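Okay, target.txt is below, compact mmCIF, C-alpha atoms and all ligand atoms:
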# COMPACT_ATOMS: atom_id res chain seq x y z
CA MET E 179 96.39 117.28 95.31
CA ILE E 180 97.07 114.25 97.54
CA GLY E 181 97.85 114.96 101.17
CA PHE E 182 99.02 111.53 102.30
CA ARG E 183 101.44 108.79 101.36
CA PRO E 184 99.22 106.14 99.71
CA GLU E 185 99.55 102.62 101.06
CA LEU E 186 98.46 101.38 97.64
CA VAL E 187 98.66 103.03 94.22
CA ALA E 188 96.23 101.42 91.75
CA PHE E 189 96.27 102.14 88.01
CA ASP E 190 93.65 101.82 85.35
CA LEU E 191 95.04 100.06 82.25
CA ASP E 192 93.48 101.17 78.95
CA GLY E 193 94.07 104.87 78.36
CA THR E 194 96.17 105.29 81.52
CA LEU E 195 99.12 102.89 81.31
CA VAL E 196 98.65 101.54 77.80
CA ASP E 197 97.59 103.19 74.57
CA SER E 198 95.62 100.13 73.57
CA ALA E 199 93.12 101.92 71.29
CA PRO E 200 95.07 101.23 68.05
CA ASP E 201 95.05 97.47 68.70
CA LEU E 202 91.46 97.41 70.01
CA ALA E 203 90.18 99.46 67.05
CA TRP E 204 92.03 97.15 64.66
CA ALA E 205 90.33 94.09 66.18
CA VAL E 206 86.93 95.85 66.18
CA ASP E 207 87.23 96.69 62.48
CA ALA E 208 88.46 93.18 61.60
CA MET E 209 85.38 91.78 63.41
CA LEU E 210 83.01 94.19 61.62
CA GLU E 211 84.52 93.39 58.25
CA SER E 212 84.21 89.64 58.88
CA LEU E 213 80.51 90.21 59.53
CA GLY E 214 80.17 92.23 56.33
CA ARG E 215 79.74 95.52 58.19
CA ALA E 216 81.48 98.87 57.66
CA PRO E 217 84.57 99.56 59.82
CA VAL E 218 84.32 102.36 62.41
CA GLY E 219 87.96 103.50 62.60
CA LEU E 220 90.26 104.48 65.45
CA GLU E 221 88.66 107.79 66.50
CA ARG E 222 85.17 106.38 67.09
CA ALA E 223 86.43 103.18 68.69
CA ARG E 224 88.67 105.13 71.10
CA GLY E 225 85.65 106.84 72.69
CA TRP E 226 83.98 103.46 73.25
CA ILE E 227 86.77 101.89 75.33
CA GLY E 228 86.54 101.59 79.11
CA ASN E 229 83.35 99.69 79.96
CA GLY E 230 84.71 96.24 79.13
CA ALA E 231 84.99 94.26 75.90
CA ASP E 232 81.28 93.33 75.84
CA MET E 233 80.24 96.97 75.80
CA LEU E 234 82.91 97.91 73.23
CA ILE E 235 81.56 95.27 70.83
CA LYS E 236 77.93 96.23 71.45
CA ARG E 237 78.81 99.88 70.77
CA ALA E 238 80.72 99.01 67.60
CA MET E 239 77.90 96.82 66.29
CA THR E 240 75.12 99.34 67.01
CA GLY E 241 77.01 102.63 66.63
CA GLU E 242 75.40 103.72 69.92
CA MET E 243 77.18 104.75 73.14
CA TRP E 244 74.50 103.12 75.32
CA PRO E 245 72.88 100.38 73.21
CA GLU E 246 69.43 99.42 74.47
CA SER E 247 69.51 95.86 73.23
CA GLU E 248 72.07 93.28 72.20
CA PRO E 249 72.63 92.93 68.42
CA GLU E 250 71.42 89.60 67.06
CA ASP E 251 74.90 88.46 66.03
CA PHE E 252 76.58 89.84 69.17
CA ARG E 253 77.98 86.45 70.29
CA GLU E 254 79.56 85.90 66.89
CA GLY E 255 80.95 89.46 66.92
CA MET E 256 82.42 88.89 70.36
CA ARG E 257 84.00 85.60 69.28
CA LEU E 258 85.59 87.20 66.20
CA PHE E 259 86.85 90.17 68.21
CA LEU E 260 88.40 88.03 70.96
CA GLU E 261 90.07 85.72 68.46
CA PHE E 262 91.60 88.59 66.46
CA HIS E 263 92.64 90.62 69.50
CA GLU E 264 94.32 87.62 71.11
CA ALA E 265 96.41 87.11 67.95
CA HIS E 266 97.29 90.84 67.65
CA LEU E 267 97.37 92.03 71.24
CA CYS E 268 100.10 94.61 71.16
CA GLU E 269 101.31 95.39 67.67
CA ARG E 270 100.16 98.97 67.11
CA GLY E 271 99.96 100.41 70.64
CA GLY E 272 102.27 100.57 73.64
CA LEU E 273 102.93 102.22 77.00
CA PHE E 274 102.20 105.94 77.24
CA PRO E 275 105.31 108.12 77.73
CA GLY E 276 106.60 108.10 81.32
CA VAL E 277 104.76 104.94 82.39
CA LEU E 278 107.76 102.63 82.57
CA GLU E 279 109.85 105.17 84.50
CA GLY E 280 106.98 106.06 86.83
CA LEU E 281 106.18 102.45 87.76
CA ARG E 282 109.85 101.62 88.18
CA ASP E 283 110.45 104.63 90.47
CA LEU E 284 107.33 103.93 92.55
CA LYS E 285 108.49 100.38 93.14
CA ALA E 286 112.00 101.61 93.97
CA ALA E 287 110.39 103.93 96.56
CA ASP E 288 108.57 100.91 98.01
CA TYR E 289 104.99 101.74 97.09
CA ALA E 290 102.52 98.86 96.78
CA THR E 291 101.14 98.94 93.23
CA ALA E 292 98.22 97.34 91.41
CA VAL E 293 96.28 97.53 88.17
CA ILE E 294 92.47 97.67 88.39
CA THR E 295 91.06 97.31 84.90
CA ASN E 296 87.81 96.32 83.22
CA LYS E 297 89.92 94.40 80.70
CA LEU E 298 89.74 90.61 80.74
CA ALA E 299 92.65 88.78 82.42
CA ARG E 300 93.42 86.86 79.22
CA PHE E 301 94.38 90.20 77.62
CA ALA E 302 95.53 92.33 80.57
CA GLU E 303 98.11 89.86 81.90
CA PRO E 304 99.98 89.03 78.66
CA LEU E 305 99.78 92.68 77.55
CA LEU E 306 101.46 94.01 80.71
CA GLU E 307 103.98 91.17 80.56
CA ARG E 308 104.86 91.94 76.95
CA LEU E 309 105.24 95.64 77.76
CA GLY E 310 107.73 94.81 80.50
CA VAL E 311 105.94 96.28 83.53
CA THR E 312 104.71 93.17 85.38
CA GLU E 313 107.74 93.23 87.67
CA TYR E 314 106.67 96.67 88.97
CA LEU E 315 103.10 95.58 89.75
CA ASP E 316 102.12 93.64 92.87
CA PHE E 317 98.66 92.66 91.60
CA ILE E 318 96.69 92.74 88.34
CA GLY E 319 92.98 93.07 89.10
CA SER E 320 91.34 92.26 85.77
CA GLY E 321 87.64 92.75 85.04
CA ASP E 322 86.70 89.07 85.22
CA LEU E 323 88.34 88.59 88.62
CA PHE E 324 85.52 90.41 90.40
CA GLU E 325 81.74 90.08 90.36
CA ARG E 326 81.28 93.60 89.06
CA ILE E 327 83.43 96.03 87.03
CA LYS E 328 84.14 99.77 87.40
CA PRO E 329 82.31 102.17 87.87
CA ASP E 330 81.19 99.79 90.64
CA PRO E 331 83.55 100.25 93.61
CA LEU E 332 83.82 96.49 94.25
CA PRO E 333 87.13 95.90 92.39
CA LEU E 334 88.73 98.76 94.34
CA LEU E 335 87.34 97.61 97.68
CA LYS E 336 88.44 94.00 97.10
CA THR E 337 91.90 95.13 96.04
CA ALA E 338 92.37 97.29 99.15
CA GLU E 339 91.22 94.33 101.25
CA ARG E 340 93.72 92.07 99.51
CA PHE E 341 96.54 94.44 100.49
CA GLY E 342 95.14 94.79 104.01
CA VAL E 343 94.80 98.59 103.72
CA ARG E 344 91.91 100.97 104.22
CA PRO E 345 90.44 102.42 100.97
CA GLU E 346 90.95 105.95 102.41
CA ARG E 347 94.71 105.30 102.27
CA CYS E 348 94.65 104.25 98.60
CA LEU E 349 95.14 106.22 95.40
CA MET E 350 93.58 105.37 92.03
CA VAL E 351 95.06 106.78 88.82
CA GLY E 352 92.72 106.61 85.84
CA ASP E 353 91.51 108.21 82.64
CA SER E 354 87.73 108.05 82.67
CA SER E 355 84.59 108.79 84.64
CA ASN E 356 84.42 105.06 85.45
CA ASP E 357 87.62 105.40 87.46
CA VAL E 358 86.44 108.56 89.22
CA ARG E 359 83.03 107.10 90.10
CA ALA E 360 84.54 103.84 91.36
CA ALA E 361 87.19 105.70 93.39
CA ARG E 362 84.67 108.10 94.97
CA ALA E 363 82.30 105.26 95.91
CA ALA E 364 85.17 103.19 97.34
CA GLY E 365 86.76 106.10 99.22
CA TYR E 366 90.04 106.15 97.26
CA ALA E 367 91.74 109.40 96.27
CA ILE E 368 91.75 109.78 92.47
CA LEU E 369 94.06 111.44 89.96
CA CYS E 370 93.33 111.44 86.22
CA VAL E 371 95.63 111.58 83.23
CA PRO E 372 94.52 114.04 80.53
CA TYR E 373 95.49 111.89 77.53
CA GLY E 374 93.29 108.78 77.88
CA TYR E 375 89.86 107.63 76.73
CA ARG E 376 87.18 109.80 78.29
CA GLY E 377 84.19 108.72 76.19
CA GLU E 378 81.54 111.41 76.37
CA VAL E 379 83.44 113.69 78.78
CA ALA E 380 84.98 116.62 76.90
CA THR E 381 87.78 117.87 79.19
CA PRO E 382 89.92 116.18 81.86
CA GLU E 383 88.75 118.76 84.43
CA GLN E 384 85.15 117.64 83.91
CA LEU E 385 86.04 114.21 85.28
CA GLY E 386 86.07 115.76 88.76
CA ALA E 387 89.22 114.03 90.04
CA ASP E 388 91.37 115.31 92.92
CA GLY E 389 93.89 116.43 90.33
CA ILE E 390 95.27 115.98 86.81
CA LEU E 391 98.49 114.04 86.38
CA ASN E 392 100.18 114.84 83.08
CA SER E 393 102.33 111.72 83.08
CA ILE E 394 102.74 108.66 85.29
CA GLY E 395 106.43 109.60 85.27
CA GLU E 396 105.59 112.62 87.43
CA LEU E 397 103.82 110.60 90.11
CA PRO E 398 106.75 109.53 92.33
CA ALA E 399 107.98 113.12 92.74
CA LEU E 400 104.45 114.41 93.28
CA LEU E 401 103.80 111.89 96.05
CA ASN E 402 107.15 112.69 97.65
CA ARG E 403 106.27 116.38 97.73
CA ALA E 404 102.81 115.74 99.09
CA THR E 405 103.81 113.60 102.04
O1 LIG D 501 87.13 98.53 78.83
C1 LIG D 501 88.10 97.80 78.96
O2 LIG D 501 88.18 96.67 78.45
C2 LIG D 501 89.26 98.20 79.84
O3 LIG D 501 89.22 99.46 80.32
P1 LIG D 501 90.10 100.04 81.55
O4 LIG D 501 91.48 99.39 81.52
O5 LIG D 501 90.16 101.47 81.16
O6 LIG D 501 89.32 99.73 82.78
MG MG D 502 90.73 103.46 81.14

In structure tokens, what does this structure look like?
Ligand SMILES: O=C(O)COP(=O)(O)O
Ligand SMILES: [Mg+2]
Amino acid sequence: MIGFRPELVAFDLDGTLVDSAPDLAWAVDAMLESLGRAPVGLERARGWIGNGADMLIKRAMTGEMWPESEPEDFREGMRLFLEFHEAHLCERGGLFPGVLEGLRDLKAADYATAVITNKLARFAEPLLERLGVTEYLDFIGSGDLFERIKPDPLPLLKTAERFGVRPERCLMVGDSSNDVRAARAAGYAILCVPYGYRGEVATPEQLGADGILNSIGELPALLNRAT
């Protein structure tokens, strides 16, 4: 799967480290209800996560995966969503099984670690702090820290640069085609978890990663075997 010891292991957040869909869907429905619209529920909202909060709200307000135009009351929807989500950031979701152990063991084995997420820093940072994993992460690369978000390779390239390592020596672990496209364009190796938010992609194999990683908890042993 991976034939080298990565000099940086970077993780996607939503759908990879954190099962944030229950809290995001809750905030989406609260926003829709405030605007007098029908709620969409967890299952539909889950498939819309991964392209940033703006896109999630546009999708929820239009019911379309790739909305052509911005809904008229989009700014108000966004404001309501952000306000609700900030107040209820991590009440229904949590870390996926194996994440805490995996991050802890990677740090113990001296790997450099980062998060590269499309999530805004105002949510990503307190969320990871509250879930008790900040101490195992060397850097949190949130969506608004860079000029462009995944699937653009820029966040991955800038993060490698920050660590002073070549992208070819880095590993990305993600859950969606955004992560695979960004990793391929940046030159990172890429592993995908099968349990996250894949949007329109039906099976984990269809993501086209270098391999499927059933749990972050399995990563330290897998990297040890590979190198
Ligand atoms: O879309 C988001 O807000 C975050 O998604 P990501 O953590 O999977 O990049
Ligand atoms: Mg994700």

Please give me, as a list in words, the residues lying within 7 Å of ligand LIG 501 (chain D) when counting all atoms listed in the file.
-> Asp190, Leu191, Asp192, Gly193, Ile227, Gly228, Asn229, Gly230, Ala231, Ile294, Thr295, Asn296, Lys297, Leu298 and Lys328 of chain E

Could you check how far CA of Pro245 in chain E sits from CA of Val351 in chain E, in Å to one decimal?
->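 These two atoms are separated by 27.9 Å.
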
CA of Glu279 in chain E and CA of Val196 in chain E are how many Å apart?
->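 Value for the CA of Glu279 in chain E-CA of Val196 in chain E distance: 13.5 Å.
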
How far is it from CA of Leu213 in chain E to CA of Asp201 in chain E, in Å with one decimal?
->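 If I compute the distance from CA of Leu213 in chain E to CA of Asp201 in chain E, I get 18.7 Å.
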
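Using only C-alpha atoms and all ligand atoms for every distance, the candidate list E:Gly225, E:Gly255, E:Gly276, E:Gly389 yields E:Gly225 as the residue closest to ligand MG 502 (chain D).
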
Spatial neighbours of Val358 in chain E, max dist 9 Å, all atoms listed in the file, sep filter under 5 positions, as a count of residues only | 13

Since the input lacks atoms, please generate N, CA and C atoms for range 313-346 of chain E and provide them as a PDB file, in the coordinates of the input.
ATOM      1  N   GLU E 313     106.860  93.288  86.487  1.00  0.00           N
ATOM      2  CA  GLU E 313     107.740  93.230  87.670  1.00  0.00           C
ATOM      3  C   GLU E 313     107.537  94.440  88.607  1.00  0.00           C
ATOM      4  N   TYR E 314     106.910  95.503  88.118  1.00  0.00           N
ATOM      5  CA  TYR E 314     106.670  96.670  88.970  1.00  0.00           C
ATOM      6  C   TYR E 314     105.263  96.685  89.571  1.00  0.00           C
ATOM      7  N   LEU E 315     104.493  95.629  89.296  1.00  0.00           N
ATOM      8  CA  LEU E 315     103.100  95.580  89.750  1.00  0.00           C
ATOM      9  C   LEU E 315     102.907  94.414  90.722  1.00  0.00           C
ATOM     10  N   ASP E 316     102.314  94.700  91.880  1.00  0.00           N
ATOM     11  CA  ASP E 316     102.120  93.640  92.870  1.00  0.00           C
ATOM     12  C   ASP E 316     100.873  92.802  92.595  1.00  0.00           C
ATOM     13  N   PHE E 317      99.933  93.376  91.844  1.00  0.00           N
ATOM     14  CA  PHE E 317      98.660  92.660  91.600  1.00  0.00           C
ATOM     15  C   PHE E 317      97.992  93.212  90.346  1.00  0.00           C
ATOM     16  N   ILE E 318      97.457  92.309  89.530  1.00  0.00           N
ATOM     17  CA  ILE E 318      96.690  92.740  88.340  1.00  0.00           C
ATOM     18  C   ILE E 318      95.235  92.332  88.539  1.00  0.00           C
ATOM     19  N   GLY E 319      94.404  93.307  88.857  1.00  0.00           N
ATOM     20  CA  GLY E 319      92.980  93.070  89.100  1.00  0.00           C
ATOM     21  C   GLY E 319      92.195  93.257  87.815  1.00  0.00           C
ATOM     22  N   SER E 320      92.049  92.181  87.053  1.00  0.00           N
ATOM     23  CA  SER E 320      91.340  92.260  85.770  1.00  0.00           C
ATOM     24  C   SER E 320      89.831  92.223  85.979  1.00  0.00           C
ATOM     25  N   GLY E 321      89.096  92.622  84.945  1.00  0.00           N
ATOM     26  CA  GLY E 321      87.640  92.750  85.040  1.00  0.00           C
ATOM     27  C   GLY E 321      86.930  91.469  85.426  1.00  0.00           C
ATOM     28  N   ASP E 322      87.406  90.330  84.947  1.00  0.00           N
ATOM     29  CA  ASP E 322      86.700  89.070  85.220  1.00  0.00           C
ATOM     30  C   ASP E 322      87.130  88.411  86.528  1.00  0.00           C
ATOM     31  N   LEU E 323      87.934  89.125  87.314  1.00  0.00           N
ATOM     32  CA  LEU E 323      88.340  88.590  88.620  1.00  0.00           C
ATOM     33  C   LEU E 323      87.321  88.928  89.706  1.00  0.00           C
ATOM     34  N   PHE E 324      86.489  89.934  89.408  1.00  0.00           N
ATOM     35  CA  PHE E 324      85.520  90.410  90.400  1.00  0.00           C
ATOM     36  C   PHE E 324      84.106  90.221  89.871  1.00  0.00           C
ATOM     37  N   GLU E 325      83.131  90.279  90.786  1.00  0.00           N
ATOM     38  CA  GLU E 325      81.740  90.080  90.360  1.00  0.00           C
ATOM     39  C   GLU E 325      81.190  91.244  89.556  1.00  0.00           C
ATOM     40  N   ARG E 326      81.744  92.435  89.801  1.00  0.00           N
ATOM     41  CA  ARG E 326      81.280  93.600  89.060  1.00  0.00           C
ATOM     42  C   ARG E 326      82.489  94.424  88.609  1.00  0.00           C
ATOM     43  N   ILE E 327      82.322  95.219  87.546  1.00  0.00           N
ATOM     44  CA  ILE E 327      83.430  96.030  87.030  1.00  0.00           C
ATOM     45  C   ILE E 327      83.206  97.500  87.370  1.00  0.00           C
ATOM     46  N   LYS E 328      84.272  98.321  87.208  1.00  0.00           N
ATOM     47  CA  LYS E 328      84.140  99.770  87.400  1.00  0.00           C
ATOM     48  C   LYS E 328      83.058 100.286  86.438  1.00  0.00           C
ATOM     49  N   PRO E 329      82.222 101.230  86.746  1.00  0.00           N
ATOM     50  CA  PRO E 329      82.310 102.170  87.870  1.00  0.00           C
ATOM     51  C   PRO E 329      81.863 101.618  89.224  1.00  0.00           C
ATOM     52  N   ASP E 330      81.500 100.350  89.324  1.00  0.00           N
ATOM     53  CA  ASP E 330      81.190  99.790  90.640  1.00  0.00           C
ATOM     54  C   ASP E 330      82.470  99.828  91.490  1.00  0.00           C
ATOM     55  N   PRO E 331      82.339 100.168  92.776  1.00  0.00           N
ATOM     56  CA  PRO E 331      83.550 100.250  93.610  1.00  0.00           C
ATOM     57  C   PRO E 331      84.122  98.890  94.019  1.00  0.00           C
ATOM     58  N   LEU E 332      83.399  97.802  93.746  1.00  0.00           N
ATOM     59  CA  LEU E 332      83.820  96.490  94.250  1.00  0.00           C
ATOM     60  C   LEU E 332      85.271  96.117  93.920  1.00  0.00           C
ATOM     61  N   PRO E 333      85.732  96.286  92.663  1.00  0.00           N
ATOM     62  CA  PRO E 333      87.130  95.900  92.390  1.00  0.00           C
ATOM     63  C   PRO E 333      88.134  96.673  93.247  1.00  0.00           C
ATOM     64  N   LEU E 334      87.811  97.946  93.535  1.00  0.00           N
ATOM     65  CA  LEU E 334      88.730  98.760  94.340  1.00  0.00           C
ATOM     66  C   LEU E 334      88.685  98.327  95.806  1.00  0.00           C
ATOM     67  N   LEU E 335      87.478  98.039  96.284  1.00  0.00           N
ATOM     68  CA  LEU E 335      87.340  97.610  97.680  1.00  0.00           C
ATOM     69  C   LEU E 335      88.021  96.268  97.907  1.00  0.00           C
ATOM     70  N   LYS E 336      87.831  95.335  96.980  1.00  0.00           N
ATOM     71  CA  LYS E 336      88.440  94.000  97.100  1.00  0.00           C
ATOM     72  C   LYS E 336      89.964  94.084  97.013  1.00  0.00           C
ATOM     73  N   THR E 337      90.447  94.998  96.186  1.00  0.00           N
ATOM     74  CA  THR E 337      91.900  95.130  96.040  1.00  0.00           C
ATOM     75  C   THR E 337      92.516  95.712  97.312  1.00  0.00           C
ATOM     76  N   ALA E 338      91.871  96.731  97.882  1.00  0.00           N
ATOM     77  CA  ALA E 338      92.370  97.290  99.150  1.00  0.00           C
ATOM     78  C   ALA E 338      92.397  96.201 100.224  1.00  0.00           C
ATOM     79  N   GLU E 339      91.326  95.424 100.263  1.00  0.00           N
ATOM     80  CA  GLU E 339      91.220  94.330 101.250  1.00  0.00           C
ATOM     81  C   GLU E 339      92.360  93.331 101.056  1.00  0.00           C
ATOM     82  N   ARG E 340      92.648  93.017  99.827  1.00  0.00           N
ATOM     83  CA  ARG E 340      93.720  92.070  99.510  1.00  0.00           C
ATOM     84  C   ARG E 340      95.075  92.546 100.041  1.00  0.00           C
ATOM     85  N   PHE E 341      95.277  93.879  99.991  1.00  0.00           N
ATOM     86  CA  PHE E 341      96.540  94.440 100.490  1.00  0.00           C
ATOM     87  C   PHE E 341      96.474  94.728 101.994  1.00  0.00           C
ATOM     88  N   GLY E 342      95.290  94.541 102.586  1.00  0.00           N
ATOM     89  CA  GLY E 342      95.140  94.790 104.010  1.00  0.00           C
ATOM     90  C   GLY E 342      95.226  96.270 104.369  1.00  0.00           C
ATOM     91  N   VAL E 343      94.760  97.138 103.449  1.00  0.00           N
ATOM     92  CA  VAL E 343      94.800  98.590 103.720  1.00  0.00           C
ATOM     93  C   VAL E 343      93.396  99.178 103.626  1.00  0.00           C
ATOM     94  N   ARG E 344      93.205 100.307 104.284  1.00  0.00           N
ATOM     95  CA  ARG E 344      91.910 100.970 104.220  1.00  0.00           C
ATOM     96  C   ARG E 344      91.784 101.730 102.906  1.00  0.00           C
ATOM     97  N   PRO E 345      90.606 101.710 102.244  1.00  0.00           N
ATOM     98  CA  PRO E 345      90.440 102.420 100.970  1.00  0.00           C
ATOM     99  C   PRO E 345      90.842 103.897 101.069  1.00  0.00           C
ATOM    100  N   GLU E 346      90.616 104.518 102.226  1.00  0.00           N
ATOM    101  CA  GLU E 346      90.950 105.950 102.410  1.00  0.00           C
ATOM    102  C   GLU E 346      92.456 106.201 102.302  1.00  0.00           C
TER     103      GLU E 346
END
